[in-house]
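Raw data18.cif, mmCIF, C-alpha atoms:
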data_work
#
loop_
_atom_site.label_atom_id
_atom_site.label_comp_id
_atom_site.auth_asym_id
_atom_site.auth_seq_id
_atom_site.Cartn_x
_atom_site.Cartn_y
_atom_site.Cartn_z
CA THR A 150 177.67 131.54 134.00
CA PRO A 151 176.63 133.97 136.76
CA GLU A 152 176.17 131.01 139.09
CA GLU A 153 179.74 129.83 138.52
CA ILE A 154 181.48 133.21 139.02
CA PRO A 155 181.54 132.91 142.84
CA LEU A 156 183.31 129.55 142.46
CA VAL A 157 186.19 130.86 140.31
CA PRO A 158 189.45 131.35 142.28
CA SER A 159 190.95 134.84 142.27
CA PRO A 160 194.32 135.14 140.45
CA ALA A 161 195.48 137.40 143.31
CA ASN A 162 194.93 135.11 146.31
CA GLY A 163 193.61 131.83 144.91
CA GLU A 164 190.38 132.11 146.87
CA PRO A 165 186.92 131.98 145.23
CA GLY A 166 184.28 134.64 145.73
CA HIS A 167 186.40 137.70 144.94
CA LEU A 168 185.73 138.14 141.21
CA THR A 169 183.02 140.26 139.61
CA GLY A 170 181.11 139.19 136.54
CA ALA A 171 182.60 139.69 133.08
CA ARG A 172 182.46 143.30 131.88
CA SER A 173 183.12 144.85 128.49
CA PHE A 174 186.11 147.20 128.17
CA ASN A 175 186.74 149.42 125.15
CA LEU A 176 190.45 150.25 124.83
CA MET A 177 189.73 152.88 122.17
CA PHE A 178 188.24 156.33 122.76
CA ASN A 179 185.15 156.96 120.70
CA THR A 180 183.61 160.31 119.74
CA ASN A 181 181.14 161.73 117.24
CA ILE A 182 181.99 163.77 114.16
CA GLY A 183 179.52 166.39 113.01
CA PRO A 184 176.36 167.81 114.59
CA TYR A 185 174.48 164.51 115.01
CA ASP A 186 174.99 162.07 117.83
CA ASP A 187 174.08 158.80 116.17
CA SER A 188 175.74 155.62 114.92
CA SER A 189 176.59 157.16 111.55
CA SER A 190 178.84 159.78 113.16
CA VAL A 191 180.84 157.52 115.50
CA SER A 192 184.60 157.76 115.15
CA TYR A 193 187.60 156.67 117.20
CA LEU A 194 190.79 158.37 118.31
CA ARG A 195 193.75 156.49 116.91
CA PRO A 196 195.46 154.08 119.33
CA GLU A 197 198.64 154.10 117.21
CA THR A 198 200.13 156.10 114.34
CA ALA A 199 200.87 153.06 112.17
CA GLN A 200 197.54 152.60 110.41
CA GLY A 201 197.64 155.99 108.73
CA ILE A 202 200.94 154.94 107.15
CA PHE A 203 199.51 151.65 105.89
CA VAL A 204 196.44 153.32 104.37
CA ASN A 205 198.68 155.76 102.48
CA PHE A 206 201.28 153.18 101.46
CA LYS A 207 200.28 153.08 97.80
CA ASN A 208 200.14 156.88 97.52
CA VAL A 209 203.61 157.22 99.01
CA ALA A 210 205.09 154.50 96.83
CA THR A 211 203.53 155.89 93.63
CA VAL A 212 203.85 159.65 94.09
CA SER A 213 207.31 159.56 95.68
CA ARG A 214 208.48 156.80 93.30
CA MET A 215 209.95 154.92 96.23
CA LYS A 216 211.59 151.55 95.67
CA VAL A 217 211.26 148.72 98.16
CA PRO A 218 212.86 148.58 100.67
CA PHE A 219 211.84 151.97 102.05
CA GLY A 220 210.39 153.30 105.26
CA VAL A 221 207.83 155.86 106.37
CA ALA A 222 208.30 157.50 109.77
CA GLN A 223 205.69 159.37 111.76
CA ILE A 224 205.40 161.02 115.16
CA GLY A 225 202.14 162.09 116.73
CA LYS A 226 199.53 161.70 119.43
CA ALA A 227 197.97 158.33 120.21
CA PHE A 228 195.15 157.58 122.65
CA ARG A 229 194.44 154.40 124.58
CA ASN A 230 191.76 153.95 127.19
CA GLU A 231 194.09 152.35 129.70
CA ILE A 232 192.26 150.63 132.54
CA THR A 233 194.96 151.50 135.07
CA PRO A 234 197.10 154.53 134.09
CA ARG A 235 200.11 154.63 136.39
CA GLN A 236 203.79 155.30 136.95
CA PHE A 237 203.96 158.96 135.97
CA LEU A 238 204.73 159.26 132.23
CA PHE A 239 205.08 155.53 131.68
CA ARG A 240 201.46 154.51 131.17
CA SER A 241 198.97 157.22 130.25
CA ARG A 242 195.84 157.56 128.14
CA GLU A 243 197.33 160.21 125.84
CA PHE A 244 200.92 159.93 124.66
CA GLU A 245 203.34 160.82 121.89
CA GLN A 246 204.39 157.94 119.67
CA MET A 247 207.13 157.51 117.06
CA GLU A 248 206.87 154.69 114.55
CA ILE A 249 208.62 153.56 111.39
CA GLU A 250 206.97 151.20 108.92
CA TYR A 251 209.81 149.71 106.89
CA PHE A 252 208.52 147.90 103.78
CA ILE A 253 210.54 144.97 102.45
CA ASP A 254 210.28 142.34 99.74
CA PRO A 255 208.54 139.16 101.03
CA LYS A 256 211.55 137.20 99.74
CA ASP A 257 213.91 139.09 102.05
CA ASP A 258 215.05 137.53 105.31
CA TYR A 259 212.76 139.40 107.71
CA LYS A 260 214.64 138.10 110.75
CA GLN A 261 217.87 139.66 109.51
CA VAL A 262 216.15 142.98 108.72
CA GLN A 263 214.45 142.95 112.11
CA GLU A 264 217.79 142.37 113.85
CA GLU A 265 219.32 145.27 111.91
CA TRP A 266 216.54 147.55 113.13
CA ILE A 267 216.91 146.31 116.71
CA MET A 268 220.57 147.30 116.62
CA GLU A 269 219.72 150.62 114.95
CA MET A 270 217.27 151.44 117.74
CA TRP A 271 219.67 150.21 120.43
CA ASN A 272 222.37 152.57 119.11
CA PHE A 273 219.85 155.41 118.89
CA LEU A 274 218.96 154.98 122.57
CA LYS A 275 222.64 155.05 123.51
CA ALA A 276 223.23 158.12 121.32
CA VAL A 277 220.52 160.18 123.07
CA GLY A 278 221.98 159.38 126.48
CA LEU A 279 220.48 156.17 127.86
CA ARG A 280 222.85 154.08 129.96
CA GLU A 281 223.51 150.78 128.20
CA GLU A 282 223.70 148.81 131.46
CA LEU A 283 220.02 149.68 132.06
CA LEU A 284 218.91 148.32 128.66
CA GLY A 285 217.89 144.77 127.85
CA ARG A 286 216.00 142.62 125.35
CA VAL A 287 212.82 140.57 125.65
CA ILE A 288 211.76 138.29 122.78
CA HIS A 289 208.02 137.64 122.45
CA GLN A 290 207.10 134.02 121.86
CA GLY A 291 204.01 131.83 121.93
CA ASP A 292 200.92 133.53 123.36
CA LYS A 293 203.01 136.62 124.17
CA LEU A 294 203.31 137.36 120.44
CA ALA A 295 200.69 139.73 119.03
CA HIS A 296 198.24 138.27 116.51
CA TYR A 297 199.64 140.44 113.70
CA ALA A 298 203.32 139.71 114.33
CA ARG A 299 205.62 137.05 112.94
CA ALA A 300 208.27 138.08 115.46
CA CYS A 301 208.75 140.83 118.01
CA THR A 302 211.57 141.94 120.27
CA ASP A 303 211.24 144.60 122.95
CA ILE A 304 214.08 146.77 124.16
CA VAL A 305 213.39 147.17 127.87
CA PHE A 306 214.70 149.71 130.37
CA ARG A 307 215.29 149.26 134.09
CA TYR A 308 213.24 152.07 135.63
CA PRO A 309 213.20 152.69 139.41
CA PHE A 310 209.86 150.82 139.52
CA GLY A 311 211.20 147.81 137.58
CA GLU A 312 212.15 146.67 134.11
CA GLN A 313 209.57 147.75 131.52
CA GLU A 314 209.16 147.92 127.76
CA LEU A 315 210.68 151.02 126.18
CA LEU A 316 210.27 150.20 122.49
CA GLY A 317 209.41 147.28 120.25
CA VAL A 318 210.63 146.09 116.87
CA ALA A 319 208.01 143.86 115.27
CA ALA A 320 207.96 141.89 112.04
CA ARG A 321 204.32 142.47 111.05
CA GLY A 322 204.44 140.55 107.78
CA GLU A 323 201.75 141.63 105.29
CA TYR A 324 198.98 141.54 107.89
CA ASP A 325 198.07 145.24 107.97
CA LEU A 326 198.14 145.89 104.22
CA GLN A 327 196.03 142.78 103.60
CA GLN A 328 193.48 143.78 106.26
CA HIS A 329 193.05 147.23 104.70
CA THR A 330 192.74 145.60 101.28
CA LYS A 331 189.94 143.31 102.51
CA ALA A 332 188.08 146.18 104.18
CA SER A 333 188.41 148.72 101.35
CA GLY A 334 188.60 146.59 98.22
CA GLU A 335 191.67 148.59 97.16
CA THR A 336 194.73 146.46 96.48
CA LEU A 337 197.70 147.77 98.43
CA ASP A 338 200.39 146.00 96.47
CA TYR A 339 203.66 147.17 94.95
CA GLN A 340 204.92 146.85 91.39
CA VAL A 341 208.66 146.60 90.87
CA PRO A 342 209.66 149.51 88.55
CA GLY A 343 210.30 148.33 85.00
CA GLU A 344 208.98 144.83 85.71
CA LYS A 345 205.65 143.00 85.83
CA THR A 346 206.40 141.66 89.29
CA ARG A 347 203.86 142.67 91.94
CA PHE A 348 203.72 141.78 95.62
CA VAL A 349 202.34 142.93 98.95
CA PRO A 350 205.34 144.11 100.99
CA HIS A 351 206.14 142.80 104.43
CA VAL A 352 206.77 145.26 107.24
CA ILE A 353 209.33 145.72 110.00
CA GLU A 354 208.07 148.20 112.60
CA PRO A 355 210.16 149.96 115.25
CA SER A 356 207.73 151.66 117.65
CA LEU A 357 208.69 153.97 120.51
CA GLY A 358 206.79 156.01 123.10
CA VAL A 359 208.37 159.46 123.45
CA ASP A 360 207.09 159.86 127.02
CA ARG A 361 208.71 156.59 128.08
CA LEU A 362 211.93 157.62 126.38
CA PHE A 363 211.93 160.96 128.19
CA LEU A 364 211.39 159.21 131.53
CA ALA A 365 214.21 156.75 130.76
CA LEU A 366 216.47 159.66 129.81
CA MET A 367 215.78 161.38 133.13
CA CYS A 368 216.53 158.14 135.00
CA SER A 369 219.79 157.73 133.08
CA ALA A 370 220.79 161.37 133.67
CA TYR A 371 220.13 161.30 137.42
CA ASP A 372 223.27 161.39 139.54
CA GLU A 373 224.43 162.38 143.00
CA ASP A 374 227.75 163.98 143.86
CA GLU A 375 229.35 166.17 146.50
CA VAL A 376 230.55 169.78 146.20
CA GLY A 377 232.34 171.44 149.09
CA GLY A 378 231.31 168.63 151.42
CA GLU A 379 227.64 169.10 150.54
CA ALA A 380 225.68 166.36 148.75
CA ARG A 381 223.57 167.34 145.75
CA SER A 382 221.37 165.72 143.12
CA VAL A 383 222.07 166.54 139.48
CA LEU A 384 220.82 165.58 136.02
CA ARG A 385 223.68 164.94 133.60
CA PHE A 386 221.96 165.20 130.22
CA PRO A 387 224.05 164.74 127.06
CA ALA A 388 224.49 167.86 124.94
CA CYS A 389 222.70 166.28 121.96
CA VAL A 390 219.27 166.51 123.65
CA SER A 391 219.64 170.14 124.69
CA PRO A 392 217.44 172.60 122.73
CA ILE A 393 220.05 175.29 123.54
CA THR A 394 223.61 173.99 123.40
CA LEU A 395 225.25 177.15 124.74
CA GLY A 396 224.03 180.25 126.54
CA VAL A 397 226.03 183.45 127.02
CA MET A 398 224.37 185.62 129.68
CA PRO A 399 226.01 188.81 131.05
CA LEU A 400 225.51 189.18 134.80
CA LEU A 401 224.60 192.86 134.51
CA LYS A 402 222.68 193.98 131.45
CA ASN A 403 223.13 197.64 132.36
CA GLN A 404 226.92 197.34 132.13
CA GLU A 405 227.79 198.09 128.52
CA ALA A 406 231.23 196.45 128.75
CA HIS A 407 229.71 193.17 130.02
CA VAL A 408 227.03 193.16 127.33
CA LYS A 409 229.56 193.90 124.60
CA LYS A 410 231.85 191.07 125.72
CA ALA A 411 228.88 188.68 125.93
CA LYS A 412 227.86 189.52 122.37
CA GLU A 413 231.41 188.97 121.15
CA LEU A 414 231.46 185.52 122.76
CA ALA A 415 228.05 184.66 121.33
CA ASN A 416 229.18 185.63 117.83
CA LEU A 417 232.10 183.20 118.11
CA CYS A 418 229.74 180.25 118.63
#
For this file, produce the structure as structure tokens.
Amino acid sequence: TPEEIPLVPSPANGEPGHLTGARSFNLMFNTNIGPYDDSSSVSYLRPETAQGIFVNFKNVATVSRMKVPFGVAQIGKAFRNEITPRQFLFRSREFEQMEIEYFIDPKDDYKQVQEEWIMEMWNFLKAVGLREELLGRVIHQGDKLAHYARACTDIVFRYPFGEQELLGVAARGEYDLQQHTKASGETLDYQVPGEKTRFVPHVIEPSLGVDRLFLALMCSAYDEDEVGGEARSVLRFPACVSPITLGVMPLLKNQEAHVKKAKELANLC
């Protein structure tokens, strides 16, 4: 009650009298579609890319004639009304997200499939240039586990400001497909080709923020060395992330011999 708020101890210092009253926070951005600003036109910017995949699951499975297990990958913008954006690219209100929804048979061992995806993502991070000694794992348990997840493991990265989540691999069960079924009335199940067997697939979801990955890559690439007795800072990026793997640039473009030799070298690549 309002009368009791001043008596509640603050989590920061343990002393009462420092907390405000309860306030409502909306973690999704809302907007209006169309010319009218009323309740019928309210819409929300997506906080993750996953739900578009779940809504289209049946279309993908039917039109593409995919057989379980299969996955759908997507990259795109997501928007979250973060209360405290901070730490450069790490926590922002608009970010690029990559997700895979991997659909499996409910009879499959989801823990084994989840572990396979954890290792797949771990190897991916190493392949793009992240230093393995800066990576770690955090397993969500108890009240740390999201309401939709049967299991979840984060791969964390040791940034200069501390160890933070880089990506997560969650076993989401059938939660999302069932929720869309309840809301729409459309059954999002799967029929095994050539059989009468039908089931609602379970989902393993690797989810990764591109901005966080880019920041982790910069931290991994940062190095200091010495040339001619002079200290310098350098970024040692692996060749695989370079948009241009090799550049041949003549020093003088008005020297025909230089330009000719440069073109010859470029044609060899």
Per residue of segment 309-418 of chain A within 10 Å of segment 222-230 of chain A, note the shortest atom pair and the distance in Å to one decimal, counting only C-alpha atoms, and order the rows by chain and increasing residue number, as a Markdown table.
| residue | atom | partner | partner_atom | distance |
| --- | --- | --- | --- | --- |
| A:Glu354 | CA | A:Ala222 | CA | 9.7 |
| A:Pro355 | CA | A:Ala222 | CA | 9.5 |
| A:Ser356 | CA | A:Ala222 | CA | 9.8 |
| A:Leu357 | CA | A:Ile224 | CA | 9.4 |
| A:Gly358 | CA | A:Ile224 | CA | 9.5 |
| A:Val359 | CA | A:Ile224 | CA | 8.9 |
Would you put the residues from that selection into a file with C-alpha atoms, as an mmCIF file, in the frame of the given file?
data_model
loop_
_atom_site.group_PDB
_atom_site.id
_atom_site.type_symbol
_atom_site.label_atom_id
_atom_site.label_comp_id
_atom_site.auth_asym_id
_atom_site.auth_seq_id
_atom_site.Cartn_x
_atom_site.Cartn_y
_atom_site.Cartn_z
ATOM 1 C CA GLU A 354 208.070 148.200 112.600
ATOM 2 C CA PRO A 355 210.160 149.960 115.250
ATOM 3 C CA SER A 356 207.730 151.660 117.650
ATOM 4 C CA LEU A 357 208.690 153.970 120.510
ATOM 5 C CA GLY A 358 206.790 156.010 123.100
ATOM 6 C CA VAL A 359 208.370 159.460 123.450
#
Applied to the shown file, which residues does the PyMOL selection byres ((chain A and resi 190-205) around 8) return, written as a ChimeraX atom specification?
/A:177-183,185-189,206-209,221,223-229,246-250,325-326,329
Need to verify the contact set: Phe273 of chain A, 12 Å, only C-alpha atoms, exclusion of same-chain residues closer than 4 positions in sequence. Can you return it as a list in words?
Trp266, Ile267, Met268, Glu269, Val277, Gly278, Leu279, Arg280, Glu281, Ile304, Leu316, Pro355, Leu357, Leu362 and Cys389 of chain A
Nearest-residue call for Leu337 of chain A, choices A:Ile253, A:Ala210, A:Ser241, A:Ala161, using all atoms listed in the file:
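Closest to Leu337 of chain A of all the choices is A:Ala210.
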Using the chain letters and residue numbers of this document, give as a ChimeraX atom specification the residues selected by the PyMOL selection byres ((chain A and resi 288) around 10).
/A:286-287,289-290,293-294,300-304,317-318
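A straight line drawn from atom CA of Lys256 of chain A to atom CA of Asp338 of chain A is 14.6 Å long.
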Asp258 of chain A surroundings by all atoms listed in the file, 12 Å radius, close-in-sequence under 5 positions cut, as JSON, numbers by chain:
{"A": [253, 263, 264, 265, 320, 322, 351, 352, 353]}
Restrict the calculation to all atoms listed in the file, then for each residue of segment 237-277 of chain A with any atom at most 12 Å from an atom of segment 367-386 of chain A give the closest atom pair and their distance in Å to one decimal, rows by chain and rising residue number, as CSV.
residue,atom,partner,partner_atom,distance
A:Leu238,CA,A:Met367,CA,11.3
A:Leu274,CA,A:Ser369,CA,10.9
A:Lys275,CA,A:Ser369,CA,10.3
A:Ala276,CA,A:Phe386,CA,11.4
A:Val277,CA,A:Phe386,CA,8.9
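Here atom CA of Met270 of chain A is placed at a distance of 23.0 Å from atom CA of Tyr324 of chain A.
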Between A:Tyr251, A:Lys216, A:Val390, A:Val262, smallest distance to Phe363 of chain A by all atoms listed in the file belongs to A:Val390
Counting all atoms listed in the file, figure out which residue out of A:Met398, A:Leu315, A:Ala171, A:Ala388 gets nearest to Asp360 of chain A.
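Nearest to Asp360 of chain A: A:Leu315.
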Between atom CA of Leu414 of chain A and atom CA of Val397 of chain A, what is the distance in Å, rounded to a tenth?
7.2 Å
Identify which of the residues A:Ile232, A:Asp292, A:Arg214, A:Pro350 lies closest to Thr336 of chain A, counting all atoms listed in the file when measuring atom-to-atom distances.
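For Thr336 of chain A, the nearest of the given residues is A:Pro350.
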Take every atom of segment 258-261 of chain A listed in the file, fit an axis-aligned box around them, add 8 Å per side, and give the centre and edge lengths in Å to one decimal as AutoDock Vina command-line options.
--center_x 215.3 --center_y 138.6 --center_z 108.0 --size_x 21.1 --size_y 18.1 --size_z 21.4
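Using only C-alpha atoms, the smallest distance between any of A:Ala295, A:Phe174, A:Phe252, A:Thr150 and Met215 of chain A comes from A:Phe252.
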With distances taken over only C-alpha atoms, which residue among A:Ser173, A:Ser391, A:Thr211, A:Ser159 lies nearest Val341 of chain A?
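Looking at the shortest contact to Val341 of chain A, the residue is A:Thr211.
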